[in-house]
Amino acid sequence: MLLNIAIVNLWNSKYLIKYHGLYQAEQKIHKGSIPRFGGVPLLTSILLINCFDLLGNYEIKYLNHTLICLSPLIFVTFLEDVYNNILPKARLFFIFSSAVILLLTSDFTLPAIDLPIAKDFFVQYPLTLIILLTIALAVMVNAFNLIDGVNGLLLLSFLSILGCLTMMAELVNDVYFVKLCHVFLAILIIQLPFNFPKARIFAGDLGAYTIGFIVALLIIIFFGKHPEFLTWQAILILFYPAFELLFTVIRRHKQNRNIMQADRFHLHQLIFTLLNYSLKKNNISNALTTILLTPVWGFASLWILIHGAQLNLLWICLGIGVNLMLYLCFYLMAWHLYRHIPIESY
């Protein structure tokens, strides 16, 4: 909290305000100059927890090893937050590099994929499972970065996912994992008032990629430790960011656009544009977008809270289906209304 306050005050001080560069990007919907260094206090908190062994002697080696493997990604995303000139392909390369290094050098148990034929195949050829999980990890990290667009959306999505993991870990009495989830929940809750409802600081690429990587890794570790949970449940937990990425790739491909090229047609951007056109107030529209999207980003935690932390395949598939319909209904309605807005208002 103190570090957030220090960054915000320093950024807005008379000494630095004249050096503010105007961050321009196709996906930018905020007004003014807001620091993109929210990842610094997030990462600093994790480093302090690791250095002072605040988790006790519970398998702290996983966190320590993860931070070491993430070093290349941490470095390049910090540079992106400072200079805003790192190519997407370069960031993707470092994401894959960190994921490969981590999965090849770690000794935690990898989850078994719940497909009859594939399950035996991955047991016989474990390297293929590492390749699959590397791709999945890289995809999810990019997916988290896609939803980092309006105030609080990314942080609240992280909180929802960690809430699901906490309920699942409590069910199987995994004390270490519950404690670890509580620590990350506390860090994100402290960060939230600086980003929602009014944005004083953004997570930036450092925060989105690093915390996204750690959260995705926690899911891999949890399902590896507890095979009694169907791995399909991970899809339910990660549905919103994962489907946002999948839908974006399909949409850009159908529009003959470069799938790596940013645009302003993500669900949260469409809703923000509609609200901002009606209300003419950027800050209120920004926060209200996240609130209106609560049924989408918060669906998994609510579904698990109602139906139990350990779901059978039927309830998992039903949950994914309902979440899919919610997303598509939101998007189709938003797109229909968006098309009637004068182009000069975008």
# chains A, B, ... in the order shown; residues from 1 in each chain; ligands from 1
$ closest_atom_pairs --of "region 149-175 of chain A" --to "region 310-320 of chain A" --cutoff "10 Å" --atoms "only C-alpha atoms" --output "tab-separated table"
residue	atom	partner	partner_atom	distance
A:Met167	CA	A:Gln310	CA	9.1
A:Met168	CA	A:Gln310	CA	6.7
A:Ala169	CA	A:Gln310	CA	9.9
A:Leu171	CA	A:Gln310	CA	7.9
A:Val172	CA	A:Gln310	CA	9.4
$ closest_atom_pairs --of "region 210-260 of chain A" --to "region 289-302 of chain A" --cutoff "9 Å" --atoms "only C-alpha atoms" --output "tab-separated table"
residue	atom	partner	partner_atom	distance
A:Leu236	CA	A:Ala300	CA	6.2
A:Ile237	CA	A:Ala300	CA	5.3
A:Leu238	CA	A:Ala300	CA	8.1
A:Phe239	CA	A:Ala300	CA	7.9
A:Tyr240	CA	A:Trp297	CA	5.8
A:Pro241	CA	A:Trp297	CA	8.1
$ write_last_selection --atoms "N, CA and C atoms" --output "mmCIF file, in the first residue's frame"
data_model
loop_
_atom_site.group_PDB
_atom_site.id
_atom_site.type_symbol
_atom_site.label_atom_id
_atom_site.label_comp_id
_atom_site.auth_asym_id
_atom_site.auth_seq_id
_atom_site.Cartn_x
_atom_site.Cartn_y
_atom_site.Cartn_z
ATOM 1 N N LEU A 236 -13.478 -24.129 -16.536
ATOM 2 C CA LEU A 236 -14.563 -23.332 -15.957
ATOM 3 C C LEU A 236 -14.000 -22.129 -15.203
ATOM 4 N N ILE A 237 -12.964 -22.355 -14.407
ATOM 5 C CA ILE A 237 -12.379 -21.286 -13.595
ATOM 6 C C ILE A 237 -11.755 -20.199 -14.461
ATOM 7 N N LEU A 238 -11.130 -20.604 -15.556
ATOM 8 C CA LEU A 238 -10.403 -19.667 -16.419
ATOM 9 C C LEU A 238 -11.212 -19.249 -17.647
ATOM 10 N N PHE A 239 -12.508 -19.531 -17.651
ATOM 11 C CA PHE A 239 -13.277 -19.386 -18.886
ATOM 12 C C PHE A 239 -13.247 -17.972 -19.444
ATOM 13 N N TYR A 240 -13.509 -16.967 -18.606
ATOM 14 C CA TYR A 240 -13.643 -15.615 -19.147
ATOM 15 C C TYR A 240 -12.387 -15.123 -19.873
ATOM 16 N N PRO A 241 -11.215 -15.105 -19.228
ATOM 17 C CA PRO A 241 -10.034 -14.644 -19.984
ATOM 18 C C PRO A 241 -9.688 -15.555 -21.158
#
$ atom_distance --atom1 "CA of Ala143 (chain A)" --atom2 "CA of Cys51 (chain A)"
29.6 Å
$ closest_residue --among "A:Phe52, A:Ile220, A:Asn4, A:Leu146" --to "Leu132 (chain A)" --atoms "only C-alpha atoms"
A:Ile220
$ residues_around --residues "region 331-340 of chain A" --least-positions-apart "2" --cutoff "10 Å" --atoms "only C-alpha atoms" --output "PDB file with N, CA and C atoms, in the first residue's frame"
ATOM      1  N   PHE A 265     -12.337  -3.741 -29.903  1.00  0.00           N
ATOM      2  CA  PHE A 265     -13.573  -4.510 -30.010  1.00  0.00           C
ATOM      3  C   PHE A 265     -13.666  -5.647 -28.992  1.00  0.00           C
ATOM      4  N   HIS A 266     -12.896  -5.579 -27.918  1.00  0.00           N
ATOM      5  CA  HIS A 266     -13.095  -6.537 -26.832  1.00  0.00           C
ATOM      6  C   HIS A 266     -14.416  -6.209 -26.133  1.00  0.00           C
ATOM      7  N   LEU A 267     -14.955  -7.173 -25.443  1.00  0.00           N
ATOM      8  CA  LEU A 267     -16.258  -6.983 -24.806  1.00  0.00           C
ATOM      9  C   LEU A 267     -16.255  -5.774 -23.868  1.00  0.00           C
ATOM     10  N   HIS A 268     -15.236  -5.681 -23.015  1.00  0.00           N
ATOM     11  CA  HIS A 268     -15.213  -4.577 -22.050  1.00  0.00           C
ATOM     12  C   HIS A 268     -15.063  -3.227 -22.747  1.00  0.00           C
ATOM     13  N   GLN A 269     -14.383  -3.192 -23.900  1.00  0.00           N
ATOM     14  CA  GLN A 269     -14.214  -1.933 -24.629  1.00  0.00           C
ATOM     15  C   GLN A 269     -15.517  -1.489 -25.291  1.00  0.00           C
ATOM     16  N   LEU A 270     -16.263  -2.450 -25.823  1.00  0.00           N
ATOM     17  CA  LEU A 270     -17.554  -2.120 -26.428  1.00  0.00           C
ATOM     18  C   LEU A 270     -18.510  -1.547 -25.382  1.00  0.00           C
ATOM     19  N   ILE A 271     -18.575  -2.211 -24.225  1.00  0.00           N
ATOM     20  CA  ILE A 271     -19.483  -1.739 -23.166  1.00  0.00           C
ATOM     21  C   ILE A 271     -19.046  -0.370 -22.663  1.00  0.00           C
ATOM     22  N   PHE A 272     -17.734  -0.174 -22.499  1.00  0.00           N
ATOM     23  CA  PHE A 272     -17.237   1.129 -22.065  1.00  0.00           C
ATOM     24  C   PHE A 272     -17.627   2.221 -23.065  1.00  0.00           C
ATOM     25  N   THR A 273     -17.463   1.959 -24.363  1.00  0.00           N
ATOM     26  CA  THR A 273     -17.781   2.946 -25.386  1.00  0.00           C
ATOM     27  C   THR A 273     -19.258   3.321 -25.340  1.00  0.00           C
ATOM     28  N   LEU A 274     -20.116   2.329 -25.140  1.00  0.00           N
ATOM     29  CA  LEU A 274     -21.550   2.593 -25.047  1.00  0.00           C
ATOM     30  C   LEU A 274     -21.874   3.461 -23.837  1.00  0.00           C
ATOM     31  N   TYR A 277     -20.469   7.022 -24.244  1.00  0.00           N
ATOM     32  CA  TYR A 277     -21.276   7.793 -25.198  1.00  0.00           C
ATOM     33  C   TYR A 277     -22.548   8.315 -24.526  1.00  0.00           C
ATOM     34  N   MET A 325     -22.907 -18.676 -22.870  1.00  0.00           N
ATOM     35  CA  MET A 325     -24.106 -17.966 -23.315  1.00  0.00           C
ATOM     36  C   MET A 325     -24.149 -16.555 -22.760  1.00  0.00           C
ATOM     37  N   LEU A 326     -23.722 -16.398 -21.501  1.00  0.00           N
ATOM     38  CA  LEU A 326     -23.669 -15.066 -20.903  1.00  0.00           C
ATOM     39  C   LEU A 326     -22.739 -14.156 -21.692  1.00  0.00           C
ATOM     40  N   TYR A 327     -21.549 -14.664 -21.998  1.00  0.00           N
ATOM     41  CA  TYR A 327     -20.569 -13.865 -22.738  1.00  0.00           C
ATOM     42  C   TYR A 327     -21.115 -13.466 -24.109  1.00  0.00           C
ATOM     43  N   LEU A 328     -21.650 -14.446 -24.849  1.00  0.00           N
ATOM     44  CA  LEU A 328     -22.135 -14.170 -26.201  1.00  0.00           C
ATOM     45  C   LEU A 328     -23.327 -13.218 -26.188  1.00  0.00           C
ATOM     46  N   CYS A 329     -24.210 -13.361 -25.197  1.00  0.00           N
ATOM     47  CA  CYS A 329     -25.351 -12.435 -25.095  1.00  0.00           C
ATOM     48  C   CYS A 329     -24.868 -11.012 -24.832  1.00  0.00           C
ATOM     49  N   PRO A 342     -22.415   7.091 -33.540  1.00  0.00           N
ATOM     50  CA  PRO A 342     -21.663   7.841 -34.577  1.00  0.00           C
ATOM     51  C   PRO A 342     -20.166   7.558 -34.481  1.00  0.00           C
ATOM     52  N   ILE A 343     -19.534   7.410 -35.610  1.00  0.00           N
ATOM     53  CA  ILE A 343     -18.130   6.984 -35.631  1.00  0.00           C
ATOM     54  C   ILE A 343     -17.213   7.980 -34.925  1.00  0.00           C
ATOM     55  N   TYR A 346     -16.317   7.164 -31.104  1.00  0.00           N
ATOM     56  CA  TYR A 346     -15.589   5.959 -30.690  1.00  0.00           C
ATOM     57  C   TYR A 346     -14.419   6.350 -29.795  1.00  0.00           C
TER      58      TYR A 346
END
$ residues_around --residues "Leu155 (chain A)" --least-positions-apart "4" --cutoff "9 Å" --atoms "only C-alpha atoms" --output "compact mmCIF listing (two decimals) with C-alpha atoms, in the first residue's frame"
# COMPACT_ATOMS: atom_id res chain seq x y z
CA ASP A 148 -6.56 -5.55 -18.53
CA ASN A 151 -10.63 -0.23 -13.96
CA LEU A 159 -9.66 -12.47 -7.10
CA SER A 160 -12.47 -14.60 -8.54
CA LEU A 188 -4.63 -8.04 -4.74
CA ILE A 189 -7.25 -6.66 -2.34
CA GLN A 191 -3.97 -3.16 -4.79
CA LEU A 192 -7.64 -2.91 -5.82
CA ASN A 195 -7.29 0.74 -9.58
CA ALA A 203 -1.02 -3.06 -13.22
CA ALA A 208 -0.68 -8.48 -15.80
$ atom_distance --atom1 "CA of Asp263 (chain A)" --atom2 "CA of Gly207 (chain A)"
21.1 Å
$ residues_around --residues "Met260 (chain A)" --least-positions-apart "2" --cutoff "8 Å" --atoms "only C-alpha atoms" --output "list in words"
Pro88, Asn258 and Ala262 of chain A
$ write_last_selection --atoms "N, CA and C atoms" --output "PDB file, in the first residue's frame"
ATOM      1  N   PRO A  88       5.083  -7.241 -29.487  1.00  0.00           N
ATOM      2  CA  PRO A  88       4.297  -8.356 -28.933  1.00  0.00           C
ATOM      3  C   PRO A  88       4.976  -9.713 -29.116  1.00  0.00           C
ATOM      4  N   ASN A 258      -4.716  -8.771 -38.556  1.00  0.00           N
ATOM      5  CA  ASN A 258      -3.600  -9.427 -37.886  1.00  0.00           C
ATOM      6  C   ASN A 258      -4.031  -9.774 -36.462  1.00  0.00           C
ATOM      7  N   ALA A 262      -3.650  -4.937 -31.967  1.00  0.00           N
ATOM      8  CA  ALA A 262      -4.652  -4.519 -30.988  1.00  0.00           C
ATOM      9  C   ALA A 262      -5.815  -3.797 -31.655  1.00  0.00           C
TER      10      ALA A 262
END
$ residues_around --residues "region 76-79 of chain A" --least-positions-apart "5" --cutoff "9 Å" --atoms "only C-alpha atoms" --output "mmCIF file with C-alpha atoms, in the first residue's frame"
data_model
loop_
_atom_site.group_PDB
_atom_site.id
_atom_site.type_symbol
_atom_site.label_atom_id
_atom_site.label_comp_id
_atom_site.auth_asym_id
_atom_site.auth_seq_id
_atom_site.Cartn_x
_atom_site.Cartn_y
_atom_site.Cartn_z
ATOM 1 C CA PHE A 37 3.760 0.569 -12.585
ATOM 2 C CA GLY A 39 3.180 -4.442 -11.100
ATOM 3 C CA VAL A 40 6.065 -3.049 -9.033
ATOM 4 C CA SER A 71 13.155 -13.278 -14.310
ATOM 5 C CA ASN A 84 6.161 1.101 -24.412
ATOM 6 C CA ASN A 85 8.146 -0.184 -27.380
ATOM 7 C CA ILE A 86 8.613 -3.944 -26.832
ATOM 8 C CA ALA A 90 9.236 -10.419 -28.176
ATOM 9 C CA ARG A 91 6.966 -10.562 -25.137
ATOM 10 C CA PHE A 94 9.829 -14.476 -23.157
ATOM 11 C CA GLY A 204 0.876 -2.592 -16.475
ATOM 12 C CA ASP A 205 2.450 -5.452 -18.397
ATOM 13 C CA LEU A 206 4.614 -6.354 -15.408
ATOM 14 C CA GLY A 207 1.572 -6.851 -13.192
ATOM 15 C CA TYR A 209 1.920 -10.942 -17.117
ATOM 16 C CA THR A 210 3.645 -11.783 -13.820
#
$ closest_residue --among "A:Phe108, A:Ser157, A:Glu80, A:Arg200" --to "Leu10 (chain A)" --atoms "only C-alpha atoms"
A:Arg200
$ closest_residue --among "A:Ile113, A:Thr134, A:Ala199, A:Leu185" --to "Arg36 (chain A)" --atoms "only C-alpha atoms"
A:Ala199
